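Chemist: Structure provided below as C-alpha cells; questions to follow.
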Amino acid sequence: MMKIFNLFDFKQKVNYKTEVLAGLTVAFALIPESIAFAFIAGLSPLTGLYAAFVMATIAAIFGGRPGMISGATGAIAVIIVELSMSYGVEYVFATVVLAGIIQILAGVLKLGKFMRLIPEPVILGFVNGLAVIIFMSQLSQFKDDSGSWLTGIPLITTLSLVLGAIAIIWLLPKLTKAVPASLVAILTVFAAVFFLNINTATVGDLASISGGFPPFHLPDVPVNFETLKIIFPYALIMAGVGLIESLLTLNILDEITRTRGNGNREAVAQGSANILSGVFSGMGGCAMLGQSLINVSSGARARLSGIVAGVMLLVFIMFGASVIEQVPVAALTGVMIMVAIGTFEWASLRTFRRMPKSDVLVMVMVTLVTVFLHNLALAVVVGVIIAALVFAWDSAVRIRARKRIDEDGVKHYEIYGPLFFGSTTVFKDKFDVENDPERVIINFEESRVVDMSAIETLNKITEQYAALGKKVILRRLSSDCRKLLKNAEAIIEVNIEDDPSYKVVVDEIK
C-alpha cells in the first residue's frame, strides 16, 4: 500500500484546504475554455469537457509534475478541426488514441530529455506569446453575438464586472492568502450578478454543460491501413504538439516552484490520458500553462489539486450544470486576464538592451509565430532552428589558430574552437600550404573534430601538403576525436601522432 501512495506522491506534505480550493478554482476556469476549444474543433461542448475531465485527472495522478493542469487545449483543437470536419468525430477519437500511444512510446524511449535543448529565449518567446493569446482570447467577451464591440450599458456592465474580478485578484493576496484570490473573485462576481439581478453573459449562454458520465466506446472506424493513413499524420502532429506544450509548461513550473519534474513520466501520463480520453468520448489535450499558473498561484503544490479540478468538473457536468451555467463569463474573463498578465515575462523586456541581438531575435520570432499562427509547436521549432543557426555561425567565426615555428623548423598550428561544418572554410584559410616547411603539426588540445565535414577538411589539407612533399601530423586529439577519425580511416588518410590521450569535457544529456 505504501508503494502505491509513493507512486502518487502522497508522501509529500499536503495542505488539503489549499489544494481543494485551488482545484475548485481551476475547475471553474476549465469550463469556458473547454467549451470554446470544442467549438474550434467543430465538436460538441461535452467532447471538450469530457477531455478536460479525463486529461486533468489522469495527468494529475500519474504525471511527472505535481500541480500541473491538463485539459482540452486550443493547440490540439486547431490540429484536429480539419479531420473533424472531413471525417467526423469517430476519426477524431481514433486519432487521440493513436497520439496517446505515440506519446507513451516517447516517454518509454526517454525522449523528454531533448527538451533541455530548447534555449531560454525560445521559452521566453513561447511564454510571452501564450500570454498574448490568452489576453486576446478574452476580448471576445466584449463583443455581442454579431461580433460587434459592446457599447453603452452592456459594455459598462461587463467592464465593471471584469475590473472587479481583477481588483479582487490583485488586492486580496495583500490582505490574506488563506483562500485563492481567483476563487473569491469568481464567487464575488457571481453573488453580485445573482443578488443584484445584473443582466450579463453567463456560462450557460456559451452552451449547456449538462451531461452524464463520459460514455465508453471504442472509436467506430474501419480497422485497416486506409484509416491509419488518414489519422496517423494528425496523431503524430498532435502527439508532438502535446508533448512540446506539456514539457515546456513543466519546465516553467519547475522554475516557479523551484522543484524538478520528470519529463519522461509526464510523456507517459499524457499519452495514457489521451488514450482514455479517446475511448471516453473526449477530444484529447495536453498541459495548460494558463490553468497551471492559476493552480500554482493559488498555492497548490501537490497532485490533489489537479485531481480535484478534474473530479469537480465531472460533478459540475453531472449534477451542478444548472448552477454553473449561471456563473458570469465576466468573472472568468477577469481571472484569465490576470493569468495573462502574470504569465508574461515582463523582465524579458527590460533586458532587451543587455541580451545578445540573436537571443532577442529568437524571442521575438517565437512570440510572433505563437501569436499570429497560434501554432506553438511551429513557434518552438522555428526558435530552436534560429538559435542553432546563430550558435553555429558564432562558433564558426570564433575558430582561431596560433602559429609558430620551433627551433627545429617545424611549424605548429594551435587550434582554438570546434572544427565542424560551419567552421571548415575559416579553418582552411588559416594554413599557408605553399610556404610552410616540410613538417607541420596541428595541435587540437583546445579544439574538437566534430563531424564528417571536419574530417574531410583535414583530409584535403593533408593531401595538399602531401602533394608538395610535406607531412602533417595531428597532435593532442581527444579520445572521442581519435575514435571519429578511426571510424573514417577507410575513406581518408591522416597522420595522428601517438601522444597522451586528452579528453574534452562534454555535458552528457541524460
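Numbering starts fresh at 1 for the residues of each chain in the C-alpha cells, the chains themselves are lettered A, B, ... in the order given, and ligands are numbered from 1 as they appear.
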With only C-alpha atoms as the counted atoms, please give the residues lying no more than 8 Å from Arg402 (chain A), apart from itself and same-chain residues fewer than 3 positions off, as a list in words.

Modeler: His412, Tyr413, Glu414 and Ile415 of chain A

Chemist: At a cut-off of 6 Å, using only C-alpha atoms, what residues contact region 71-73 of chain A? Leave out same-chain residues fewer than 2 positions from it and give the result as a list in words.

Modeler: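 Residues meeting the cut-off are Ser34, Gly48, Ala51, Ala52, Met55, Ala56, Ala75, Ile76, Gly284, Gly285 and Cys286 of chain A.
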
Chemist: How would you write, as an MDAnalysis selection string, the set of residues in region 69-293 of chain A that DSSP gives as helix (DSSP H, G or I)?

Modeler: chainID A and resid 74:87 89:108 111:117 120:142 152:175 181:195 203:206 225:257 263:279 289:293

Chemist: Name the closest residue to Ser140 (chain A) among the candidates A:Leu276, A:Ile168, A:Ala201, A:Val410; distances are taken between atoms, counting only C-alpha atoms.

Modeler: A:Ala201

Chemist: Which residue gives the smallest distance to Gly334 (chain A) among A:Trp149, A:Tyr91, A:Trp170, A:Tyr16, with only C-alpha atoms counted?

Modeler: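 Smallest separation from Gly334 (chain A) among the options: A:Trp170.
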
Chemist: Taking 6 positions as the minimum chain separation for residues in the same chain, which residues sit within 10 Å of Thr95 (chain A) when counting only C-alpha atoms? Answer as a PyMOL selection string.

Modeler: chain A and resi 80+83+89+101+219+227-228+230-236+238-239+274-275+278+283-284

Chemist: Mind checking which residues fall within 7 Å of region 163-167 of chain A, counting only C-alpha atoms, ignoring those fewer than 3 positions away in the same chain, and posting them as a PDB file with C-alpha atoms, in the first residue's frame?

Modeler:
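File result.pdb, as written:
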```
ATOM      1  CA  LEU A 159     -16.177  46.033 -17.942  1.00  0.00           C
ATOM      2  CA  SER A 160     -17.184  46.741 -14.337  1.00  0.00           C
ATOM      3  CA  TRP A 170      -4.788  41.839  -7.186  1.00  0.00           C
ATOM      4  CA  LEU A 171      -5.722  43.125  -3.724  1.00  0.00           C
ATOM      5  CA  ALA A 185     -13.233  36.783  -7.379  1.00  0.00           C
ATOM      6  CA  ILE A 186     -15.435  34.249  -9.205  1.00  0.00           C
ATOM      7  CA  VAL A 189     -18.890  38.474  -9.056  1.00  0.00           C
ATOM      8  CA  ALA A 331     -15.697  36.687 -13.680  1.00  0.00           C
ATOM      9  CA  GLY A 334     -11.079  38.690 -15.172  1.00  0.00           C
ATOM     10  CA  VAL A 335      -9.301  35.574 -13.914  1.00  0.00           C
ATOM     11  CA  MET A 338      -4.779  38.261 -14.627  1.00  0.00           C
TER      12      MET A 338
END
```

Chemist: Quick one: residues within 9 Å of Ala178 (chain A), only C-alpha atoms counted, chain neighbours fewer than 5 positions away excluded, as a PyMOL selection string?

Modeler: chain A and resi 17-18+173

Chemist: Could the residues in this selection be saved with C-alpha atoms as a PDB file, in the first residue's frame?

Modeler:
```pdb
ATOM      1  CA  LYS A  17      -7.530  23.077   2.126  1.00  0.00           C
ATOM      2  CA  THR A  18      -5.271  24.928  -0.312  1.00  0.00           C
ATOM      3  CA  PRO A 173      -3.295  38.394  -1.604  1.00  0.00           C
TER       4      PRO A 173
END
```

Chemist: Rank A:Ala388, A:Ile399, A:Leu98, A:Leu332 by their smallest atom-to-atom distance to Gln141 (chain A), using only C-alpha atoms, and report the top residue only.

Modeler: A:Leu332

Chemist: Can you tell me how far CA of Ser348 (chain A) sits from CA of Ser297 (chain A), in Å to one decimal?

Modeler: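 Atom-to-atom, CA of Ser348 (chain A) to CA of Ser297 (chain A), that is 20.4 Å.
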